[in-house]
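Down below is the structure, laid out as C-alpha cells.
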Amino acid sequence: MKKAIVVGSGAGGAMVAKELQGRFQVTILEAGDEFQPFGFSVDKLAGFRKTGLFLDERMISVLFPAMRVQKATSDMILVHGRCTGGTTTLATGSALRYDKGLRKLGIRLDEEFEELSQEIPLSTDHEQYWSSQTKALFDACAQLGFKPMPTAKLVDFERCVHCGRCVLGCRTGAKWDSRSLLKESIEKGAVLKTNCKVTKLGIDHSDNTVHAVYAKEGGKQTTYCADLVVLAAGGLGTPVILDKSGIACEVTLFVDPVLCVAAPYPEAGQDRHIPMPFIMQRDGYMLSPYMDYLSFFFNKSWRLPSKDILSIMIKLSDSGFGASYARKVEKELTLTDRERLEAGVSDCKMILGKMGVAEGDMFLGTLNAGHPGGMLPLTSEEQTSFHNRRLPENLYIADATLLPESMGNPPIWTILALAKHIAKVCTAAIA
C-alpha cells in the first residue's frame, strides 16, 4: 500500500486523512499536543485582571496551550489552535456553506456538501435553547431589518450543558470538532504523531517530487517519506512550510478580522449561552451575538462581570493583502476594510440602541482574527487538478490556503467539503 503524509489535524487535515486511509497508509503529523479544554473558572480568573498580570493576549497560551496568539504587523491579534483537532476545537460550532468564491472559478462541491450532511449532523432547530435575552436580541435585529437567521450548528444540543464555552473547548463532547475524524482514521489504521512540527519539505527537482518531510519531534529532527504529501497546517502554517521549502506563495493573505461592539447589560448571560446563535449577512461582513473572551481577559474596557456584557461580533470579509512568514505575519487593513468595519460598528450600535443601551455606554473589543487563508489561491486553471503548478507533483494542499477570497463567515464546513474533494483528486492522481 502506498504511503501518505498529512500535515495538520484540523478540518482539512483530519478530513483528508479520513478519506485517504485505506487507499493509503496515512501518517498524520500534528505540531501540537492532545487537545484539552480550558480547565479554569472564567469567573475566578476574571479577578486577576485587576492585578495587571494579564498584560498581553499571547499569555493566554500559558493557561490554555491549545490556543496560540500572535500579533500581525498592524497589531491585530491572530488566533489559531495548535493541538489535535486544530482550530475546530476553538470554534463556535457554526457550519455555513460559503463557497461563492469557488463557484466563481467553476468549482462545484455539491456532492461533497451532500456527503457531509449525511456524515456530520447539523442543527438549525435550536431556538428552544435560547435565553430570553437572545430571543429579545433576535427580535430587535429583525425589527431593524437585518434579517437574522438561526446559525447551522455542529452541536448535539441534547448533550449541551449551555456553558457558553464553545471557543474554550467543549467539555461534554456536544460540539463537533475534527478529532472525531482523527479517531475514525486511527481506527482504520492511520498513525497520529503529536508534538511533531513540520519545518520544511525535501524536494527532488530531478523528478519534481517531495522525497522527504522534515519535522522536529520531541526536540529531535525526524524525517518522513511517502508517495503523497498533503499540507493542511492552516492558512498561517502551510505558507511558512512552503516558503521554507523554496516554494513561493502569493501576498494575498486574508484573516476574517473580528471586532466586537459591547455594552453593560445586567444578566445578559452571553457567557452561559450559545455563541453565534444567529447571524446577519451584510455587505462585506456579517454580524452575530458573541462573547469575546480575549477582550474579556485582556481589554481594559471589558472589566465587567462576564454575565453582564452584551456583545455583537462583526466578522469582516477583508481584502486579501498580506503574508505569513516564519517570524512574522504582515497584515494591514485597507481603506475599504476599515470603511466596512466602521459600517459594522454603526450597525451594532443601532442594534444595542434598540435594546435600550445608550451609545455612550458602548465599547469596542480587541481587533482579532482566526480564519487565515488565501496565500496560494485556486484559479480557474486548477478547477479540475486542484494543484498549483508551483507544487511538486505529489504535493497537495487541503486547507484555507486554497480559498480564493475571504469569506467573512465561519469556514469549517466549506473547508471540510473542499478537503473531501481534494482527497478524491489526489487519490486519482497518485493511484
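Convention: chains lettered A, B, ... in C-alpha cells order; per-chain residue numbering from 1; ligands numbered from 1 as shown.
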
From the DSSP assignment of the backbone, select every residue of segment 147-357 of chain A that is strand (DSSP E or B), and format the answer as an NGL selection string. :A and (149-150 or 153 or 155 or 175 or 191-193 or 196-204 or 209-217 or 220-224 or 228-231 or 254 or 257-264 or 278-281 or 285-289 or 309-316 or 322-324 or 329-331)

Once you have the residues from the selection above, write them out as an mmCIF file, in the first residue's frame, restricted to C-alpha atoms.
data_model
loop_
_atom_site.group_PDB
_atom_site.id
_atom_site.type_symbol
_atom_site.label_atom_id
_atom_site.label_comp_id
_atom_site.auth_asym_id
_atom_site.auth_seq_id
_atom_site.Cartn_x
_atom_site.Cartn_y
_atom_site.Cartn_z
ATOM 1 C CA MET A 149 -31.219 33.681 10.648
ATOM 2 C CA PRO A 150 -30.501 30.877 13.147
ATOM 3 C CA LYS A 153 -24.607 24.322 14.359
ATOM 4 C CA VAL A 155 -23.741 20.723 18.192
ATOM 5 C CA LYS A 175 -19.785 20.292 19.968
ATOM 6 C CA VAL A 191 -0.939 6.791 12.647
ATOM 7 C CA LEU A 192 -1.084 10.126 14.500
ATOM 8 C CA LYS A 193 2.129 11.824 15.634
ATOM 9 C CA CYS A 196 5.637 16.856 15.552
ATOM 10 C CA LYS A 197 6.188 20.206 13.846
ATOM 11 C CA VAL A 198 6.981 20.043 10.142
ATOM 12 C CA THR A 199 9.714 22.512 9.242
ATOM 13 C CA LYS A 200 10.174 22.007 5.507
ATOM 14 C CA LEU A 201 9.933 19.619 2.606
ATOM 15 C CA GLY A 202 12.773 17.966 0.771
ATOM 16 C CA ILE A 203 12.159 18.302 -2.973
ATOM 17 C CA ASP A 204 13.821 16.191 -5.664
ATOM 18 C CA THR A 209 8.510 15.280 -6.208
ATOM 19 C CA VAL A 210 8.672 15.620 -2.439
ATOM 20 C CA HIS A 211 11.078 12.946 -1.260
ATOM 21 C CA ALA A 212 11.179 13.904 2.448
ATOM 22 C CA VAL A 213 9.182 15.729 5.113
ATOM 23 C CA TYR A 214 11.412 17.178 7.831
ATOM 24 C CA ALA A 215 9.992 17.712 11.300
ATOM 25 C CA LYS A 216 11.002 18.470 14.877
ATOM 26 C CA GLU A 217 9.683 15.787 17.163
ATOM 27 C CA LYS A 220 14.889 15.845 17.618
ATOM 28 C CA GLN A 221 14.939 16.228 13.847
ATOM 29 C CA THR A 222 12.984 13.458 12.144
ATOM 30 C CA THR A 223 12.358 12.621 8.504
ATOM 31 C CA TYR A 224 9.271 11.062 6.956
ATOM 32 C CA LEU A 228 1.769 11.521 -1.303
ATOM 33 C CA VAL A 229 2.098 14.594 0.929
ATOM 34 C CA VAL A 230 -0.862 16.807 1.844
ATOM 35 C CA LEU A 231 -0.276 20.099 3.647
ATOM 36 C CA PHE A 254 -6.869 37.228 4.343
ATOM 37 C CA PRO A 257 -10.977 40.175 11.186
ATOM 38 C CA VAL A 258 -13.353 40.241 14.139
ATOM 39 C CA LEU A 259 -14.337 43.278 16.186
ATOM 40 C CA CYS A 260 -16.980 43.177 18.905
ATOM 41 C CA VAL A 261 -19.157 46.083 19.988
ATOM 42 C CA ALA A 262 -20.335 45.580 23.562
ATOM 43 C CA ALA A 263 -22.177 47.268 26.392
ATOM 44 C CA PRO A 264 -23.062 46.779 30.047
ATOM 45 C CA PHE A 278 -27.952 33.637 14.758
ATOM 46 C CA ILE A 279 -26.228 35.559 12.005
ATOM 47 C CA MET A 280 -26.931 38.566 9.811
ATOM 48 C CA GLN A 281 -25.243 38.830 6.415
ATOM 49 C CA TYR A 285 -19.253 41.450 6.731
ATOM 50 C CA MET A 286 -21.581 39.510 8.983
ATOM 51 C CA LEU A 287 -22.944 40.185 12.470
ATOM 52 C CA SER A 288 -23.686 37.774 15.292
ATOM 53 C CA PRO A 289 -24.003 37.782 19.118
ATOM 54 C CA ILE A 309 -21.784 42.052 28.956
ATOM 55 C CA LEU A 310 -23.890 42.123 25.798
ATOM 56 C CA SER A 311 -21.665 41.813 22.727
ATOM 57 C CA ILE A 312 -22.165 41.673 18.966
ATOM 58 C CA MET A 313 -19.452 40.442 16.621
ATOM 59 C CA ILE A 314 -18.507 41.954 13.285
ATOM 60 C CA LYS A 315 -16.724 39.384 11.105
ATOM 61 C CA LEU A 316 -15.156 41.141 8.155
ATOM 62 C CA GLY A 322 -0.742 40.219 3.445
ATOM 63 C CA ALA A 323 1.610 37.324 4.059
ATOM 64 C CA SER A 324 2.614 34.758 6.679
ATOM 65 C CA VAL A 329 2.706 37.971 9.790
ATOM 66 C CA GLU A 330 2.419 41.072 7.644
ATOM 67 C CA LYS A 331 -1.200 42.118 7.523
#

Near-Ser132 of chain A list (12 Å; only C-alpha atoms; drop same-chain fewer than 3 positions) as a list of chain:residue names: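 Answer for this query is A:Glu127, A:Gln128, A:Tyr129, A:Lys135, A:Ala136, A:Leu137, A:Phe138, A:Asp139, A:Glu267, A:Ala268, A:Gly269, A:Gln270, A:His273.
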
Distance criterion (only C-alpha atoms): nearest to Thr334 of chain A out of A:Glu184, A:Asp318, A:Asp156, A:Asp43: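 Of A:Glu184, A:Asp318, A:Asp156, A:Asp43, the one nearest Thr334 of chain A is A:Asp318, counting only C-alpha atoms.
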
Which residues come within 8 Å of segment 60-65 of chain A, counting only C-alpha atoms, excluding same-chain residues fewer than 4 positions away, as an mmCIF file with all heavy atoms, in the first residue's frame?
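Generated file (part_3.cif):
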data_model
loop_
_atom_site.group_PDB
_atom_site.id
_atom_site.type_symbol
_atom_site.label_atom_id
_atom_site.label_comp_id
_atom_site.auth_asym_id
_atom_site.auth_seq_id
_atom_site.Cartn_x
_atom_site.Cartn_y
_atom_site.Cartn_z
ATOM 1 N N PRO A 37 -9.640 20.847 26.932
ATOM 2 C CA PRO A 37 -10.426 22.074 27.080
ATOM 3 C C PRO A 37 -9.856 22.986 28.160
ATOM 4 O O PRO A 37 -9.130 22.528 29.066
ATOM 5 C CB PRO A 37 -11.817 21.566 27.472
ATOM 6 C CG PRO A 37 -11.851 20.142 27.028
ATOM 7 C CD PRO A 37 -10.444 19.639 27.175
ATOM 8 N N PHE A 38 -10.176 24.263 28.066
ATOM 9 C CA PHE A 38 -9.783 25.244 29.078
ATOM 10 C C PHE A 38 -10.356 24.804 30.411
ATOM 11 O O PHE A 38 -11.562 24.615 30.558
ATOM 12 C CB PHE A 38 -10.338 26.615 28.679
ATOM 13 C CG PHE A 38 -9.881 27.754 29.543
ATOM 14 C CD1 PHE A 38 -8.608 28.282 29.403
ATOM 15 C CD2 PHE A 38 -10.738 28.324 30.476
ATOM 16 C CE1 PHE A 38 -8.190 29.344 30.178
ATOM 17 C CE2 PHE A 38 -10.335 29.388 31.254
ATOM 18 C CZ PHE A 38 -9.053 29.903 31.106
ATOM 19 N N VAL A 69 -1.632 32.633 20.107
ATOM 20 C CA VAL A 69 -1.920 34.016 19.720
ATOM 21 C C VAL A 69 -0.632 34.682 19.269
ATOM 22 O O VAL A 69 0.414 34.528 19.907
ATOM 23 C CB VAL A 69 -2.541 34.795 20.899
ATOM 24 C CG1 VAL A 69 -2.683 36.269 20.558
ATOM 25 C CG2 VAL A 69 -3.904 34.210 21.267
ATOM 26 N N ARG A 82 -3.276 25.028 18.123
ATOM 27 C CA ARG A 82 -2.181 24.089 17.904
ATOM 28 C C ARG A 82 -2.406 22.906 18.824
ATOM 29 O O ARG A 82 -2.004 22.902 19.990
ATOM 30 C CB ARG A 82 -0.816 24.717 18.145
ATOM 31 C CG ARG A 82 0.334 23.738 17.835
ATOM 32 C CD ARG A 82 1.698 24.295 18.120
ATOM 33 N NE ARG A 82 2.085 25.304 17.157
ATOM 34 C CZ ARG A 82 3.281 25.906 17.145
ATOM 35 N NH1 ARG A 82 4.180 25.575 18.075
ATOM 36 N NH2 ARG A 82 3.558 26.816 16.244
#

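Proximity of A:Phe35, A:Pro377, A:Met362, A:Ser317 to Tyr98 of chain A, computed with only C-alpha atoms, is greatest for A:Ser317.
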
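Residues with any atom within 10 Å of Gly22 of chain A, counting only C-alpha atoms and excluding same-chain neighbours fewer than 3 positions away, are Met1, Lys2, Ala17, Lys18, Glu19, Gln25, Val26, Ser185, Lys188, Gly189 and Ala190 of chain A.
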
Alpha helix (DSSP H) call set, DSSP backbone run, segment 266-315 of chain A, as a ChimeraX atom specification: /A:293-298

Let's have the selection written as a PDB file, in the first residue's frame, with C-alpha atoms.
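Contents of part.pdb, as written:
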ATOM      1  CA  TYR A 293     -13.085  36.013  25.805  1.00  0.00           C
ATOM      2  CA  LEU A 294      -9.837  37.543  24.576  1.00  0.00           C
ATOM      3  CA  SER A 295     -11.317  41.006  25.013  1.00  0.00           C
ATOM      4  CA  PHE A 296     -12.814  39.968  28.348  1.00  0.00           C
ATOM      5  CA  PHE A 297      -9.433  38.957  29.775  1.00  0.00           C
ATOM      6  CA  PHE A 298      -7.112  41.480  28.146  1.00  0.00           C
TER       7      PHE A 298
END

Pick out the residues sitting within 9 Å of segment 88-91 of chain A, and hand them over as JSON, numbers by chain; count only C-alpha atoms, and ignore anything fewer than 5 positions along from it in its own chain. {"A": [10, 11, 35, 37, 66, 67, 80, 81, 83, 166, 167, 168, 169, 170, 175, 176, 177, 178, 179, 410, 412]}

Generate a file of the selected residues that holds C-alpha atoms, formatted as a PDB file, in the first residue's frame.
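File again_19.pdb, as written:
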ATOM      1  CA  GLY A  10      -7.724  20.491  11.774  1.00  0.00           C
ATOM      2  CA  ALA A  11     -10.742  20.454   9.474  1.00  0.00           C
ATOM      3  CA  PHE A  35      -6.332  18.813  22.975  1.00  0.00           C
ATOM      4  CA  PRO A  37     -10.426  22.074  27.080  1.00  0.00           C
ATOM      5  CA  ALA A  66      -4.145  24.789  22.588  1.00  0.00           C
ATOM      6  CA  MET A  67      -4.817  28.460  21.815  1.00  0.00           C
ATOM      7  CA  HIS A  80      -5.235  29.664  15.937  1.00  0.00           C
ATOM      8  CA  GLY A  81      -5.283  26.233  17.517  1.00  0.00           C
ATOM      9  CA  CYS A  83      -3.466  20.738  19.079  1.00  0.00           C
ATOM     10  CA  CYS A 166     -17.517  26.540  22.947  1.00  0.00           C
ATOM     11  CA  VAL A 167     -14.455  28.586  21.979  1.00  0.00           C
ATOM     12  CA  LEU A 168     -12.622  27.311  25.058  1.00  0.00           C
ATOM     13  CA  GLY A 169     -13.158  23.673  24.171  1.00  0.00           C
ATOM     14  CA  CYS A 170     -16.288  21.596  24.734  1.00  0.00           C
ATOM     15  CA  LYS A 175     -19.785  20.292  19.968  1.00  0.00           C
ATOM     16  CA  TRP A 176     -18.282  18.531  16.968  1.00  0.00           C
ATOM     17  CA  ASP A 177     -14.614  19.007  16.162  1.00  0.00           C
ATOM     18  CA  SER A 178     -12.273  17.218  13.776  1.00  0.00           C
ATOM     19  CA  ARG A 179     -10.943  14.852  16.431  1.00  0.00           C
ATOM     20  CA  PRO A 410     -17.210  30.564   9.625  1.00  0.00           C
ATOM     21  CA  ILE A 412     -15.096  24.975   8.694  1.00  0.00           C
TER      22      ILE A 412
END

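Proximity of A:Asn409, A:Asn299, A:Ser9, A:Thr27 to Cys225 of chain A, computed with only C-alpha atoms, is greatest for A:Thr27.
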
Just the number, please: distance in Å from atom CA of Thr366 of chain A to atom CA of Arg338 of chain A, one decimal.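 Answer for the atom CA of Thr366 of chain A to atom CA of Arg338 of chain A separation: 14.5 Å.
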